[in-house]
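Let me begin by presenting the structure, written as structure tokens, before commenting on it.
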Amino acid sequence: MVEKWKITIPELTGEEECGVYVYLPTMYETEPERYFAVLYMFDGHNVFFDSDATYGKCWGMKEYMDQTETSLIIAAIECNHSPNHGRLKEYTPFPFEMDEIGKIEARGQITMNWMVHTFKQEIDRRYRTLPEREHTYIAGSSMGGLMSLYALLKYSQYFSRAAALSPSLWVDPDGISHMIKHAVIPADTVLYMDYGEKELAQYKKFGHLFGKITAKLIKKGILLESRIVPGGNHCEASWERQIPFFMDALLY
């Protein structure tokens with residue numbers, strides 16, 4: 001079951017509402033005394049329903065969770081759809097510049113502060129969650145993948161495991177390397193990170209960057225599963241096929 005409701009993020013968009021999608025596992029209703037771990041996800045509109053997805057194709061998380069009867073709550077928050085590059089701004093912890101769009105302001109820290117201090121508290125209030133760090137995970141793709149990596153490194157007191165699919169490491173490789181170097185990482189921290197074979201072939205420098213960041217994460221002591229996805233591309237259909245892989249890593 002997926003519950004849908006609205007929330008505001010005053011720090012980012014004032015009174016403008018955005019969608020919240022909360023997946024409750026099949027046993028949530030049948031086992032009323034049971035509490036559940038929570039996976040937070042970015043780009044919530046793309047997670048569960050094709051009808052809400054930006055390009056008409058979602059990840060299919062509901063079908064996977066129902067079929068596998070995975071005992072996990074998923075709390076997914078819709079991104080900012082502002083034509084003024086709202087999603088890019090809210091999903092980057094580093095300012096960056098692109099030739100075709102110019103400079104992008106970094107508002108990722110504001111986004112994460114809201115997520116851990118407001119959104120997480122609301123989810124823990126509404127639902128039967130296990131709120132401790134060891135039961136709290138985060139995942140996303142592309143810019144959401146970058147934010148998931150950022151959350152694991154900078155907000156490690158809240159998140160113990162993360163999945164970063166096709167993360168936008170190109171935004172600021174030096175900033176990411178510096179963040180990894182100075183992060184305080186508990187010994188049980190788990191990360192799944194991947195890139196599609198086809199997207200690496202399209203952007204030649206990504207492969208080198210992916211290997212460099214992977215090596216730094218391993219050296220830092222993170223329990224890392226790093227993959228190049230055979231035939232994988234930068235799209236929801238490809239990320240859907242990776243669900244069994246990253247879910248196995250998160251719940252291992």
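In the structure tokens, each chain is lettered A, B, ... as it comes, each chain's residues begin at 1, and ligands are numbered from 1 in order of appearance.
For region 177-193 of chain A, the residues within 6 Å (counting only C-alpha atoms, excluding itself and residues fewer than 3 positions away along the chain) are Leu153, Ser160, Arg161, Ala162, Ala163, Ala164, Leu165, Asp174, Ile222, Leu223, Leu224, Glu225, Ser226 and Phe246 of chain A.
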Deliver the residues from the most recent selection as a file, using all heavy atoms, as a compact mmCIF listing (two decimals), in the first residue's frame.
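This is the output file result19.txt:
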```txt
# COMPACT_ATOMS: atom_id res chain seq x y z
N LEU A 153 27.60 10.33 4.04
CA LEU A 153 28.88 10.84 4.51
C LEU A 153 28.75 11.97 5.52
O LEU A 153 29.50 12.04 6.49
CB LEU A 153 29.71 11.32 3.31
CG LEU A 153 30.13 10.25 2.30
CD1 LEU A 153 30.77 10.90 1.08
CD2 LEU A 153 31.10 9.26 2.94
N SER A 160 22.57 4.76 8.13
CA SER A 160 23.62 3.74 8.20
C SER A 160 23.90 3.10 6.85
O SER A 160 24.98 2.53 6.65
CB SER A 160 23.23 2.64 9.19
OG SER A 160 22.02 2.00 8.80
N ARG A 161 22.95 3.19 5.90
CA ARG A 161 23.11 2.54 4.61
C ARG A 161 22.50 3.41 3.51
O ARG A 161 21.53 4.12 3.75
CB ARG A 161 22.46 1.15 4.62
CG ARG A 161 23.01 0.26 5.72
CD ARG A 161 22.52 -1.17 5.65
NE ARG A 161 23.18 -1.97 6.68
CZ ARG A 161 23.36 -3.28 6.64
NH1 ARG A 161 22.91 -3.97 5.60
NH2 ARG A 161 23.99 -3.91 7.61
N ALA A 162 23.10 3.32 2.33
CA ALA A 162 22.62 4.14 1.22
C ALA A 162 22.82 3.41 -0.10
O ALA A 162 23.70 2.56 -0.24
CB ALA A 162 23.35 5.48 1.18
N ALA A 163 21.99 3.78 -1.07
CA ALA A 163 22.13 3.31 -2.45
C ALA A 163 22.20 4.53 -3.36
O ALA A 163 21.28 5.35 -3.36
CB ALA A 163 20.97 2.40 -2.85
N ALA A 164 23.28 4.65 -4.11
CA ALA A 164 23.49 5.77 -5.03
C ALA A 164 23.60 5.20 -6.45
O ALA A 164 24.65 4.69 -6.84
CB ALA A 164 24.74 6.54 -4.65
N LEU A 165 22.51 5.29 -7.21
CA LEU A 165 22.48 4.76 -8.56
C LEU A 165 22.81 5.88 -9.55
O LEU A 165 22.22 6.96 -9.49
CB LEU A 165 21.11 4.17 -8.89
CG LEU A 165 20.77 2.81 -8.25
CD1 LEU A 165 20.53 2.93 -6.74
CD2 LEU A 165 19.54 2.20 -8.92
N ASP A 174 36.34 17.14 -6.89
CA ASP A 174 37.25 17.53 -5.80
C ASP A 174 36.48 17.71 -4.50
O ASP A 174 36.96 17.32 -3.43
CB ASP A 174 37.98 18.81 -6.16
CG ASP A 174 38.99 18.62 -7.29
OD1 ASP A 174 39.42 17.47 -7.52
OD2 ASP A 174 39.33 19.62 -7.95
N ILE A 222 34.23 2.18 4.20
CA ILE A 222 32.81 1.92 3.92
C ILE A 222 32.65 0.53 3.33
O ILE A 222 33.47 0.07 2.52
CB ILE A 222 32.27 2.99 2.95
CG1 ILE A 222 32.11 4.33 3.69
CG2 ILE A 222 30.95 2.58 2.34
CD1 ILE A 222 31.64 5.47 2.83
N LEU A 223 31.61 -0.17 3.76
CA LEU A 223 31.30 -1.49 3.21
C LEU A 223 30.58 -1.26 1.88
O LEU A 223 29.38 -1.02 1.84
CB LEU A 223 30.44 -2.28 4.19
CG LEU A 223 31.06 -2.44 5.59
CD1 LEU A 223 30.08 -3.13 6.52
CD2 LEU A 223 32.37 -3.21 5.52
N LEU A 224 31.33 -1.34 0.80
CA LEU A 224 30.88 -0.86 -0.50
C LEU A 224 30.60 -1.99 -1.47
O LEU A 224 31.41 -2.90 -1.63
CB LEU A 224 31.94 0.07 -1.10
CG LEU A 224 31.69 0.58 -2.52
CD1 LEU A 224 30.49 1.50 -2.56
CD2 LEU A 224 32.94 1.29 -3.04
N GLU A 225 29.43 -1.93 -2.11
CA GLU A 225 29.17 -2.74 -3.28
C GLU A 225 29.12 -1.81 -4.48
O GLU A 225 28.24 -0.96 -4.58
CB GLU A 225 27.85 -3.51 -3.16
CG GLU A 225 27.54 -4.34 -4.41
CD GLU A 225 26.30 -5.20 -4.27
OE1 GLU A 225 25.89 -5.49 -3.13
OE2 GLU A 225 25.74 -5.59 -5.32
N SER A 226 30.08 -1.96 -5.38
CA SER A 226 30.22 -1.07 -6.53
C SER A 226 30.06 -1.89 -7.80
O SER A 226 30.71 -2.92 -7.97
CB SER A 226 31.59 -0.40 -6.50
OG SER A 226 31.77 0.47 -7.59
N PHE A 246 20.43 -3.46 -5.18
CA PHE A 246 20.65 -2.49 -4.11
C PHE A 246 19.84 -2.83 -2.86
O PHE A 246 20.28 -2.55 -1.74
CB PHE A 246 20.44 -1.04 -4.57
CG PHE A 246 19.03 -0.55 -4.75
CD1 PHE A 246 18.24 -0.24 -3.66
CD2 PHE A 246 18.52 -0.33 -6.02
CE1 PHE A 246 16.95 0.25 -3.81
CE2 PHE A 246 17.23 0.16 -6.19
CZ PHE A 246 16.44 0.45 -5.09
```
Region 155-247 of chain A residues near region 105-116 of chain A within 12 Å, closest pair each, using only C-alpha atoms, as CSV:
```
residue,atom,partner,partner_atom,distance
A:Tyr155,CA,A:Met112,CA,8.2
A:Ser156,CA,A:Val116,CA,10.9
A:Gln157,CA,A:Val116,CA,10.0
A:Tyr158,CA,A:Val116,CA,7.3
A:Phe159,CA,A:Val116,CA,9.4
A:Val171,CA,A:Ala106,CA,10.5
A:Asp172,CA,A:Ala106,CA,11.2
```
Near-region 23-35 of chain A list (12 Å; only C-alpha atoms; drop same-chain fewer than 2 positions) as a PyMOL selection string: chain A and resi 1-5+20-21+37-41+44+47-49+60-77+123-124+126-132+135
Could you write out that same residue set with C-alpha atoms as a JSON list (two decimals), in the first residue's frame?
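Result file part36.json:
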```json
[["chain", "number", "residue", "atom", "x", "y", "z"],
["A", 1, "MET", "CA", 0.00, 0.00, 0.00],
["A", 2, "VAL", "CA", 1.23, 3.48, -0.87],
["A", 3, "GLU", "CA", -0.15, 6.46, 1.03],
["A", 4, "LYS", "CA", 0.06, 9.85, -0.68],
["A", 5, "TRP", "CA", -0.06, 13.19, 1.11],
["A", 20, "VAL", "CA", 4.96, 12.49, -0.19],
["A", 21, "TYR", "CA", 4.72, 8.79, -1.04],
["A", 37, "ALA", "CA", 13.01, 0.17, 9.28],
["A", 38, "VAL", "CA", 12.65, 3.07, 6.83],
["A", 39, "LEU", "CA", 14.20, 3.71, 3.42],
["A", 40, "TYR", "CA", 14.06, 7.38, 2.39],
["A", 41, "MET", "CA", 14.12, 8.06, -1.35],
["A", 44, "GLY", "CA", 9.43, 10.29, -4.94],
["A", 47, "VAL", "CA", 9.36, 5.65, -7.40],
["A", 48, "PHE", "CA", 5.93, 3.98, -7.45],
["A", 49, "PHE", "CA", 3.56, 5.08, -10.23],
["A", 60, "GLY", "CA", 8.23, -0.11, -9.91],
["A", 61, "MET", "CA", 9.17, -0.23, -6.23],
["A", 62, "LYS", "CA", 5.65, -1.10, -5.06],
["A", 63, "GLU", "CA", 5.49, -4.22, -7.23],
["A", 64, "TYR", "CA", 8.92, -5.37, -6.07],
["A", 65, "MET", "CA", 8.16, -4.78, -2.40],
["A", 66, "ASP", "CA", 4.78, -6.54, -2.60],
["A", 67, "GLN", "CA", 6.12, -9.52, -4.53],
["A", 68, "THR", "CA", 9.08, -10.02, -2.19],
["A", 69, "GLU", "CA", 7.11, -9.13, 0.94],
["A", 70, "THR", "CA", 10.01, -6.99, 2.11],
["A", 71, "SER", "CA", 9.38, -5.69, 5.63],
["A", 72, "LEU", "CA", 10.44, -2.09, 5.07],
["A", 73, "ILE", "CA", 8.70, 1.30, 4.97],
["A", 74, "ILE", "CA", 9.68, 3.55, 2.05],
["A", 75, "ALA", "CA", 9.24, 7.31, 2.47],
["A", 76, "ALA", "CA", 9.77, 9.11, -0.83],
["A", 77, "ILE", "CA", 9.63, 12.86, -1.33],
["A", 123, "ILE", "CA", 7.46, 9.92, 9.33],
["A", 124, "ASP", "CA", 8.44, 8.61, 12.77],
["A", 126, "ARG", "CA", 2.88, 9.03, 11.74],
["A", 127, "TYR", "CA", 4.11, 5.47, 11.32],
["A", 128, "ARG", "CA", 5.47, 2.57, 13.35],
["A", 129, "THR", "CA", 9.13, 3.07, 12.53],
["A", 130, "LEU", "CA", 12.40, 1.94, 14.02],
["A", 131, "PRO", "CA", 13.90, 5.45, 14.13],
["A", 132, "GLU", "CA", 17.46, 4.56, 15.09],
["A", 135, "HIS", "CA", 17.33, 1.06, 10.76]]
```
- prompt: Out of region 118-225 of chain A, which residues get helix (DSSP H, G or I) from DSSP, as a PyMOL selection string?
  reply: chain A and resi 118-126+133-135+143-154+169-171+173-182+197-202+204-219
task: Pick out the residues sitting within 10 Å of Gly231 (chain A), and hand them over as a ChimeraX atom specification; count only C-alpha atoms, and ignore anything fewer than 4 positions along from it in its own chain.
output: /A:196-199,238
task: Give me, please, the distance in Å between CA of Tyr195 (chain A) and CA of Pro93 (chain A), quoted to one decimal.
output: 20.2 Å
message: DSSP on the backbone: which residues in region 38-193 of chain A end up as strand (DSSP E or B)? Give the answer as a PyMOL selection string.
response: chain A and resi 38-41+72-77+96-98+102-104+129+136-141+161-165+190-193
Could you turn the residues from that selection into a file that holds N, CA, C and O atoms, as a compact mmCIF listing (two decimals), in the first residue's frame?
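Result file is part_10.txt:
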```
# COMPACT_ATOMS: atom_id res chain seq x y z
N VAL A 38 13.14 2.12 7.84
CA VAL A 38 12.65 3.07 6.83
C VAL A 38 13.75 3.35 5.79
O VAL A 38 14.90 3.63 6.14
N LEU A 39 13.36 3.28 4.53
CA LEU A 39 14.20 3.71 3.42
C LEU A 39 13.65 5.03 2.88
O LEU A 39 12.50 5.09 2.43
N TYR A 40 14.44 6.09 2.95
CA TYR A 40 14.06 7.38 2.39
C TYR A 40 14.57 7.45 0.95
O TYR A 40 15.68 7.00 0.65
N MET A 41 13.74 7.99 0.05
CA MET A 41 14.12 8.06 -1.35
C MET A 41 13.84 9.44 -1.94
O MET A 41 12.84 10.08 -1.59
N LEU A 72 9.77 -3.38 5.05
CA LEU A 72 10.44 -2.09 5.07
C LEU A 72 9.45 -1.01 4.66
O LEU A 72 8.69 -1.19 3.71
N ILE A 73 9.45 0.12 5.38
CA ILE A 73 8.70 1.30 4.97
C ILE A 73 9.57 2.10 4.00
O ILE A 73 10.78 2.24 4.21
N ILE A 74 8.97 2.63 2.95
CA ILE A 74 9.68 3.55 2.05
C ILE A 74 9.00 4.91 2.11
O ILE A 74 7.79 5.01 1.89
N ALA A 75 9.75 5.94 2.43
CA ALA A 75 9.24 7.31 2.47
C ALA A 75 9.94 8.11 1.38
O ALA A 75 11.13 8.39 1.47
N ALA A 76 9.19 8.45 0.33
CA ALA A 76 9.77 9.11 -0.83
C ALA A 76 9.18 10.51 -0.99
O ALA A 76 7.97 10.68 -0.93
N ILE A 77 10.06 11.47 -1.23
CA ILE A 77 9.63 12.86 -1.33
C ILE A 77 9.81 13.37 -2.76
O ILE A 77 10.83 13.13 -3.39
N PHE A 96 27.78 24.35 -8.79
CA PHE A 96 28.46 23.95 -10.02
C PHE A 96 27.94 24.76 -11.18
O PHE A 96 26.98 25.52 -11.04
N GLU A 97 28.57 24.58 -12.32
CA GLU A 97 28.21 25.35 -13.50
C GLU A 97 28.14 24.43 -14.70
O GLU A 97 28.98 23.55 -14.87
N MET A 98 27.12 24.63 -15.53
CA MET A 98 26.97 23.90 -16.79
C MET A 98 26.85 24.90 -17.92
O MET A 98 26.20 25.95 -17.76
N GLY A 102 24.27 27.60 -16.97
CA GLY A 102 24.95 28.54 -16.10
C GLY A 102 25.20 27.99 -14.71
O GLY A 102 25.29 26.78 -14.51
N LYS A 103 25.27 28.87 -13.73
CA LYS A 103 25.62 28.49 -12.37
C LYS A 103 24.42 27.94 -11.61
O LYS A 103 23.32 28.46 -11.72
N ILE A 104 24.68 26.88 -10.83
CA ILE A 104 23.65 26.26 -10.01
C ILE A 104 24.02 26.41 -8.55
O ILE A 104 25.09 25.99 -8.11
N THR A 129 7.77 3.18 13.05
CA THR A 129 9.13 3.07 12.53
C THR A 129 10.11 2.65 13.62
O THR A 129 9.86 2.84 14.81
N THR A 136 17.75 3.07 9.44
CA THR A 136 17.39 4.20 8.58
C THR A 136 18.32 4.26 7.39
O THR A 136 19.54 4.38 7.54
N TYR A 137 17.75 4.17 6.18
CA TYR A 137 18.51 4.10 4.94
C TYR A 137 18.06 5.21 3.99
O TYR A 137 17.02 5.84 4.20
N ILE A 138 18.83 5.41 2.92
CA ILE A 138 18.49 6.44 1.96
C ILE A 138 18.96 6.02 0.56
O ILE A 138 19.97 5.33 0.43
N ALA A 139 18.20 6.42 -0.47
CA ALA A 139 18.53 6.01 -1.83
C ALA A 139 18.04 7.02 -2.85
O ALA A 139 17.07 7.74 -2.62
N GLY A 140 18.71 7.03 -4.00
CA GLY A 140 18.30 7.89 -5.10
C GLY A 140 19.15 7.64 -6.32
O GLY A 140 20.15 6.90 -6.26
N SER A 141 18.78 8.28 -7.42
CA SER A 141 19.52 8.13 -8.67
C SER A 141 19.88 9.48 -9.24
O SER A 141 19.23 10.49 -8.95
N ARG A 161 22.95 3.19 5.90
CA ARG A 161 23.11 2.54 4.61
C ARG A 161 22.50 3.41 3.51
O ARG A 161 21.53 4.12 3.75
N ALA A 162 23.10 3.32 2.33
CA ALA A 162 22.62 4.14 1.22
C ALA A 162 22.82 3.41 -0.10
O ALA A 162 23.70 2.56 -0.24
N ALA A 163 21.99 3.78 -1.07
CA ALA A 163 22.13 3.31 -2.45
C ALA A 163 22.20 4.53 -3.36
O ALA A 163 21.28 5.35 -3.36
N ALA A 164 23.28 4.65 -4.11
CA ALA A 164 23.49 5.77 -5.03
C ALA A 164 23.60 5.20 -6.45
O ALA A 164 24.65 4.69 -6.84
N LEU A 165 22.51 5.29 -7.21
CA LEU A 165 22.48 4.76 -8.56
C LEU A 165 22.81 5.88 -9.55
O LEU A 165 22.22 6.96 -9.49
N VAL A 190 27.19 1.08 5.13
CA VAL A 190 27.07 0.31 3.89
C VAL A 190 26.64 1.23 2.75
O VAL A 190 25.76 2.07 2.91
N LEU A 191 27.27 1.04 1.59
CA LEU A 191 26.91 1.81 0.40
C LEU A 191 26.86 0.91 -0.82
O LEU A 191 27.78 0.13 -1.08
N TYR A 192 25.76 1.00 -1.57
CA TYR A 192 25.66 0.44 -2.90
C TYR A 192 25.79 1.58 -3.90
O TYR A 192 25.12 2.62 -3.75
N MET A 193 26.65 1.43 -4.91
CA MET A 193 26.83 2.49 -5.89
C MET A 193 27.05 1.85 -7.26
O MET A 193 27.83 0.90 -7.38
```
- line: Between A:His45, A:Lys154, A:His81, A:Lys57, smallest distance to Thr13 (chain A) by only C-alpha atoms belongs to A:His81
- request: Pick out the residues sitting within 10 Å of Arg87 (chain A), and hand them over as a VMD selection string; count only C-alpha atoms, and ignore anything fewer than 2 positions along from it in its own chain.
  value: chain A and resid 43 78 to 85 89 to 92 107 to 108 143 to 144
Could the residues in this selection be saved with all heavy atoms as a compact mmCIF listing (two decimals), in the first residue's frame?
```
# COMPACT_ATOMS: atom_id res chain seq x y z
N ASP A 43 13.25 11.96 -5.42
CA ASP A 43 12.42 11.89 -6.63
C ASP A 43 11.24 10.95 -6.41
O ASP A 43 10.97 10.05 -7.22
CB ASP A 43 13.25 11.43 -7.83
CG ASP A 43 14.28 12.47 -8.27
OD1 ASP A 43 13.89 13.64 -8.45
OD2 ASP A 43 15.46 12.12 -8.42
N GLU A 78 8.79 14.04 -3.27
CA GLU A 78 8.82 14.59 -4.62
C GLU A 78 9.87 15.68 -4.74
O GLU A 78 10.12 16.45 -3.79
CB GLU A 78 7.45 15.17 -4.95
CG GLU A 78 7.28 15.69 -6.36
CD GLU A 78 5.88 16.24 -6.60
OE1 GLU A 78 5.12 16.39 -5.63
OE2 GLU A 78 5.56 16.52 -7.78
N CYS A 79 10.49 15.78 -5.90
CA CYS A 79 11.50 16.81 -6.10
C CYS A 79 10.84 18.16 -6.43
O CYS A 79 9.64 18.24 -6.68
CB CYS A 79 12.46 16.42 -7.22
SG CYS A 79 11.82 16.69 -8.89
N ASN A 80 11.64 19.19 -6.45
CA ASN A 80 11.20 20.52 -6.86
C ASN A 80 11.15 20.57 -8.38
O ASN A 80 12.14 20.31 -9.06
CB ASN A 80 12.20 21.56 -6.31
CG ASN A 80 11.78 22.98 -6.59
OD1 ASN A 80 11.03 23.26 -7.51
ND2 ASN A 80 12.27 23.90 -5.77
N HIS A 81 9.99 20.91 -8.93
CA HIS A 81 9.82 20.95 -10.38
C HIS A 81 9.96 22.36 -10.96
O HIS A 81 9.59 22.59 -12.11
CB HIS A 81 8.46 20.38 -10.76
CG HIS A 81 8.27 18.94 -10.37
ND1 HIS A 81 8.91 17.91 -11.02
CD2 HIS A 81 7.52 18.37 -9.39
CE1 HIS A 81 8.56 16.75 -10.47
NE2 HIS A 81 7.72 17.01 -9.48
N SER A 82 10.47 23.30 -10.17
CA SER A 82 10.60 24.67 -10.65
C SER A 82 11.42 24.72 -11.94
O SER A 82 12.48 24.09 -12.04
CB SER A 82 11.29 25.54 -9.58
OG SER A 82 11.70 26.77 -10.14
N PRO A 83 10.95 25.46 -12.96
CA PRO A 83 11.71 25.57 -14.20
C PRO A 83 13.03 26.31 -14.03
O PRO A 83 13.89 26.27 -14.91
CB PRO A 83 10.76 26.35 -15.12
CG PRO A 83 9.87 27.11 -14.20
CD PRO A 83 9.68 26.22 -13.01
N ASN A 84 13.19 26.94 -12.89
CA ASN A 84 14.45 27.64 -12.59
C ASN A 84 15.45 26.67 -11.97
O ASN A 84 16.12 27.00 -10.99
CB ASN A 84 14.18 28.83 -11.66
CG ASN A 84 15.40 29.72 -11.50
OD1 ASN A 84 16.25 29.81 -12.39
ND2 ASN A 84 15.50 30.37 -10.34
N HIS A 85 15.51 25.47 -12.49
CA HIS A 85 16.45 24.43 -12.07
C HIS A 85 16.32 24.10 -10.58
O HIS A 85 17.30 23.88 -9.88
CB HIS A 85 17.89 24.86 -12.36
CG HIS A 85 18.09 25.37 -13.76
ND1 HIS A 85 17.84 24.59 -14.88
CD2 HIS A 85 18.49 26.58 -14.23
CE1 HIS A 85 18.07 25.30 -15.97
NE2 HIS A 85 18.46 26.52 -15.61
N LYS A 89 19.21 22.52 -7.86
CA LYS A 89 19.65 23.30 -6.70
C LYS A 89 19.44 22.53 -5.40
O LYS A 89 20.32 22.52 -4.53
CB LYS A 89 18.88 24.62 -6.64
CG LYS A 89 19.19 25.59 -7.78
CD LYS A 89 18.31 26.81 -7.71
CE LYS A 89 18.56 27.75 -8.87
NZ LYS A 89 17.66 28.93 -8.85
N GLU A 90 18.28 21.89 -5.27
CA GLU A 90 17.95 21.22 -4.00
C GLU A 90 18.63 19.87 -3.87
O GLU A 90 18.70 19.32 -2.77
CB GLU A 90 16.45 21.09 -3.88
CG GLU A 90 15.78 22.45 -3.74
CD GLU A 90 14.28 22.37 -3.54
OE1 GLU A 90 13.78 21.26 -3.25
OE2 GLU A 90 13.63 23.41 -3.66
N TYR A 91 19.14 19.34 -4.98
CA TYR A 91 19.78 18.03 -4.95
C TYR A 91 21.29 18.11 -5.17
O TYR A 91 21.90 17.15 -5.62
CB TYR A 91 19.16 17.12 -6.03
CG TYR A 91 17.83 16.50 -5.64
CD1 TYR A 91 17.14 16.88 -4.49
CD2 TYR A 91 17.24 15.53 -6.44
CE1 TYR A 91 15.93 16.32 -4.16
CE2 TYR A 91 16.02 14.96 -6.12
CZ TYR A 91 15.36 15.36 -4.97
OH TYR A 91 14.15 14.79 -4.66
N THR A 92 21.90 19.24 -4.86
CA THR A 92 23.36 19.29 -4.91
C THR A 92 23.91 19.95 -3.65
O THR A 92 23.47 21.04 -3.26
CB THR A 92 23.88 20.04 -6.15
OG1 THR A 92 25.32 20.06 -6.09
CG2 THR A 92 23.36 21.47 -6.23
N ARG A 107 21.88 23.92 -2.64
CA ARG A 107 20.91 23.97 -1.55
C ARG A 107 20.72 22.59 -0.93
O ARG A 107 19.77 22.35 -0.18
CB ARG A 107 19.58 24.54 -2.05
CG ARG A 107 19.71 25.84 -2.82
CD ARG A 107 18.37 26.54 -2.98
NE ARG A 107 17.98 27.19 -1.74
CZ ARG A 107 16.78 27.72 -1.51
NH1 ARG A 107 15.85 27.62 -2.44
NH2 ARG A 107 16.49 28.29 -0.37
N GLY A 108 21.63 21.68 -1.25
CA GLY A 108 21.53 20.32 -0.74
C GLY A 108 21.60 20.21 0.77
O GLY A 108 20.92 19.37 1.37
N MET A 143 21.09 12.95 -9.65
CA MET A 143 21.33 13.94 -8.59
C MET A 143 20.86 13.40 -7.24
O MET A 143 21.46 13.69 -6.20
CB MET A 143 20.60 15.24 -8.92
CG MET A 143 21.11 15.97 -10.16
SD MET A 143 22.82 16.52 -10.07
CE MET A 143 22.72 17.81 -8.83
N GLY A 144 19.80 12.59 -7.24
CA GLY A 144 19.37 11.94 -6.01
C GLY A 144 20.39 10.93 -5.51
O GLY A 144 20.50 10.68 -4.31
```
query: Pick from A:Ser51, A:Ile9, A:Asn46, A:Ser168: nearest to Leu88 (chain A), with only C-alpha atoms counted?
result: A:Ser168
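When CA of Lys6 (chain A) is paired with CA of Trp59 (chain A), their separation reads 20.8 Å.
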